[in-house]
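Participant: Here you go, one structure.
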Amino acid sequence: MKEKKHEETALSLATVYLEKAMQAPGCPICRRVREAEERWIWNVLYELTGDPKVHERFATSFGLCREHAALMAQVVETRELVTPTGTARLYESAVAHVLHGLANFRTKKGLQREECPVCVVAEEAEERESWFLGKLLADPAFCAAYEKSDGLCLPHFLSVWSGAPKKVRAKLLADFQGRLARLLVHLRELQRKERFDVHEPPTPEEIASWREALWRLGGMSYPAPLIRRG
Ligand SMILES: [Zn+2]
Ligand SMILES: [Zn+2]
């Protein structure tokens with residue numbers, strides 16, 4: 001009973017956040033994953049830079065991967081209450097660990113890198129949010145809001161589709177095919193109208209189509225943190 005209540009609360013929270021993400025530009029799952037990454041980095045920098053378990057994790061993963069290291073820099077530079085010192089403190093452990101590993105370095109096996117902790121957070125968020133979105137699409141009102149949104153990128157169409165209830169799958173596939181078919185027309189029209197002998201101006205959708213193609217097939221990237229406060 002308690003578990004059921006917990007599941008209902010989790011689902012209604014997920015509904016609120018996903019609805020909000022669907023009102024913003026681009027893929028809603030990409031946005032939710034990115035928010036989870038930023039929240040984790042901020043929390044660690046704000047209150048866990050003295051936590052031995054976090055230090056151990058940072059040491060064995062040799063810090064963060066390239067993408068998440070860049071995100072940590074952005075969080076430090078733009079968010080309140082976190083400072084470069086927190087990053088220095090965590091990376092002290094990582095650098096010392098790598099240096100120790102190099103002391104008797106003979107082969108690459110002497111330096112085995114564990115997965116970046118923010119990559120793990122991202123994978124979990126991706127799985128969780130995809131599952132929720134698939135489940136929520138069974139609700140006609142939610143589904144209508146989804147259809148009005150920018151929709152999913154290809155990697156997240158695949159993750160939502162594979163976890164979605166059977167009755168949702170056909171609709172989701174038809175929606176995604178429709179989006180790609182429209183994109184294809186826009187991409188072709190943009191090229192045609194760019195020709196010197198054609199004097200028709202491209203539409204806003206056609207002008208935006210090359211950027212849409214980049215995120216639609218590859219996933220979203222964000223030039224700055226999505227969360228600004230707290
Ligand atoms: Zn996505
Ligand atoms: Zn990473």
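Letters A, B, ... go to the chains of the structure tokens in the order shown; residues in each chain start at 1; ligands are counted from 1 in the same order.
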I'd like the neighbourhood of Lys53 in chain A as a list in words, where a residue qualifies if any of its atoms comes within 12 Å (using only C-alpha atoms), though same-chain residues fewer than 3 positions away should be ignored.

Facilitator: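 Residues meeting the cut-off are Val44, Leu48, Thr49, Gly50, Glu56, Arg57, Phe58, Ala59, Thr60, Leu90, Ser93 and Pro117 of chain A.
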
Participant: If you take only C-alpha atoms and all ligand atoms and a cut-off of 10 Å, which residues of chain A touch ligand 1, and what are their nearest atom pairs and distances in Å to one decimal, in chain and number order, as a Markdown table?

Facilitator:
| residue | atom | partner | partner_atom_place_in_ligand_line | distance |
| --- | --- | --- | --- | --- |
| A:Gly26 | CA | ligand 1 | 1 (Zn) | 7.7 |
| A:Cys27 | CA | ligand 1 | 1 (Zn) | 4.6 |
| A:Pro28 | CA | ligand 1 | 1 (Zn) | 6.4 |
| A:Ile29 | CA | ligand 1 | 1 (Zn) | 4.9 |
| A:Cys30 | CA | ligand 1 | 1 (Zn) | 3.8 |
| A:Arg31 | CA | ligand 1 | 1 (Zn) | 7.3 |
| A:Arg32 | CA | ligand 1 | 1 (Zn) | 8.9 |
| A:Val33 | CA | ligand 1 | 1 (Zn) | 8.4 |
| A:Arg34 | CA | ligand 1 | 1 (Zn) | 9.8 |
| A:Glu126 | CA | ligand 1 | 1 (Zn) | 8.7 |
| A:Ser130 | CA | ligand 1 | 1 (Zn) | 9.5 |
| A:Gly151 | CA | ligand 1 | 1 (Zn) | 8.6 |
| A:Leu152 | CA | ligand 1 | 1 (Zn) | 5.5 |
| A:Cys153 | CA | ligand 1 | 1 (Zn) | 4.3 |
| A:Leu154 | CA | ligand 1 | 1 (Zn) | 6.9 |
| A:Pro155 | CA | ligand 1 | 1 (Zn) | 6.2 |
| A:His156 | CA | ligand 1 | 1 (Zn) | 4.7 |
| A:Phe157 | CA | ligand 1 | 1 (Zn) | 7.5 |
| A:Leu158 | CA | ligand 1 | 1 (Zn) | 9.7 |
| A:Ser159 | CA | ligand 1 | 1 (Zn) | 9.3 |
| A:Val160 | CA | ligand 1 | 1 (Zn) | 9.9 |
| A:Trp215 | CA | ligand 1 | 1 (Zn) | 7.9 |
| A:Arg216 | CA | ligand 1 | 1 (Zn) | 7.7 |
| A:Leu217 | CA | ligand 1 | 1 (Zn) | 8.9 |
| A:Gly218 | CA | ligand 1 | 1 (Zn) | 8.0 |
| A:Gly219 | CA | ligand 1 | 1 (Zn) | 4.7 |
| A:Met220 | CA | ligand 1 | 1 (Zn) | 6.0 |
| A:Ser221 | CA | ligand 1 | 1 (Zn) | 9.3 |

Participant: Could you list the protein, DNA and RNA residues that have any atom within 9 Å of ligand 2, counting only C-alpha atoms and all ligand atoms, and write them as a list of chain:residue names?

Facilitator: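 With only C-alpha atoms and all ligand atoms and a cut-off of 9 Å, ligand 2 is contacted by A:Glu37, A:Leu64, A:Cys65, A:Arg66, A:Glu67, A:His68, A:Ala69, A:Glu115, A:Cys116, A:Pro117, A:Val118, A:Cys119, A:Val120, A:Val121, A:Ala122.
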
Participant: Mind pulling up the distance from CA of Arg128 in chain A to CA of Lys4 in chain A?

Facilitator: 16.9 Å

Participant: Considering only C-alpha atoms, return as a short mmCIF file (atom, residue, chain, number, x, y, z; two decimals) with N, CA and C atoms, in the first residue's frame whatever protein or nucleic-acid residues lie within 8 Å of range 180-191 of chain A, sequence-local ones (same chain, fewer than 4 positions apart) excluded.

Facilitator:
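Output file part_5.cif is given in full below:
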data_model
loop_
_atom_site.label_atom_id
_atom_site.label_comp_id
_atom_site.auth_asym_id
_atom_site.auth_seq_id
_atom_site.Cartn_x
_atom_site.Cartn_y
_atom_site.Cartn_z
N PHE A 176 6.72 9.92 -34.38
CA PHE A 176 8.14 10.17 -34.69
C PHE A 176 8.39 10.13 -36.20
N ARG A 195 19.15 28.14 -53.58
CA ARG A 195 19.74 28.24 -54.92
C ARG A 195 19.57 29.65 -55.47
N PRO A 202 12.85 31.03 -47.57
CA PRO A 202 12.55 29.84 -46.76
C PRO A 202 11.67 30.20 -45.56
N GLU A 205 10.49 27.31 -40.25
CA GLU A 205 10.77 25.87 -39.99
C GLU A 205 11.91 25.39 -40.88
N GLU A 206 11.93 25.87 -42.13
CA GLU A 206 13.00 25.45 -43.05
C GLU A 206 14.34 26.03 -42.61
N ILE A 207 14.33 27.29 -42.17
CA ILE A 207 15.57 27.91 -41.69
C ILE A 207 16.12 27.15 -40.49
N SER A 209 15.64 24.01 -39.84
CA SER A 209 15.66 22.55 -40.05
C SER A 209 17.04 21.91 -39.86
N TRP A 210 18.11 22.61 -40.28
CA TRP A 210 19.44 21.97 -40.16
C TRP A 210 19.83 21.80 -38.69
N GLU A 212 17.58 21.51 -36.27
CA GLU A 212 16.71 20.45 -35.75
C GLU A 212 17.29 19.08 -36.10
N ALA A 213 17.78 18.94 -37.34
CA ALA A 213 18.34 17.64 -37.76
C ALA A 213 19.49 17.23 -36.84
#

Participant: How many Å separate CA of His100 in chain A from CA of Pro84 in chain A?

Facilitator: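 CA of His100 in chain A sits 23.9 Å away from CA of Pro84 in chain A.
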
Participant: Just checking: using only C-alpha atoms, which residue out of A:Glu200, A:Glu129, A:Glu19, A:Asp51 ends up closest to Arg89 in chain A?

Facilitator: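 Smallest distance to Arg89 in chain A is found for A:Asp51.
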
Participant: Which residue out of A:Glu92, A:Glu194, A:Asp175, A:Glu147 has the minimum interatomic distance to Met22 in chain A when only C-alpha atoms are used?

Facilitator: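 Ranking A:Glu92, A:Glu194, A:Asp175, A:Glu147 by distance to Met22 in chain A, first place goes to A:Glu147.
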
Participant: So, with only C-alpha atoms as the atoms that count, which of A:Leu133, A:Val75, A:Leu111, A:Ala145 lies closest to Arg169 in chain A?

Facilitator: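 That would be A:Leu133, the residue with the smallest distance to Arg169 in chain A.
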
Participant: I need the helix (DSSP H, G or I) residues of range 3-224 of chain A per DSSP on the backbone, written as an MDAnalysis selection string.

Facilitator: chainID A and resid 3:23 28:47 52:60 66:78 84:103 108:110 117:136 140:148 154:163 166:193 204:218

Participant: Using only C-alpha atoms, can you tell me which of A:Arg192, A:Lys135, A:Lys148, A:Arg179 comes closest to Lys166 in chain A?

Facilitator: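 Checking each of A:Arg192, A:Lys135, A:Lys148, A:Arg179 against Lys166 in chain A, counting only C-alpha atoms, the winner is A:Lys135.
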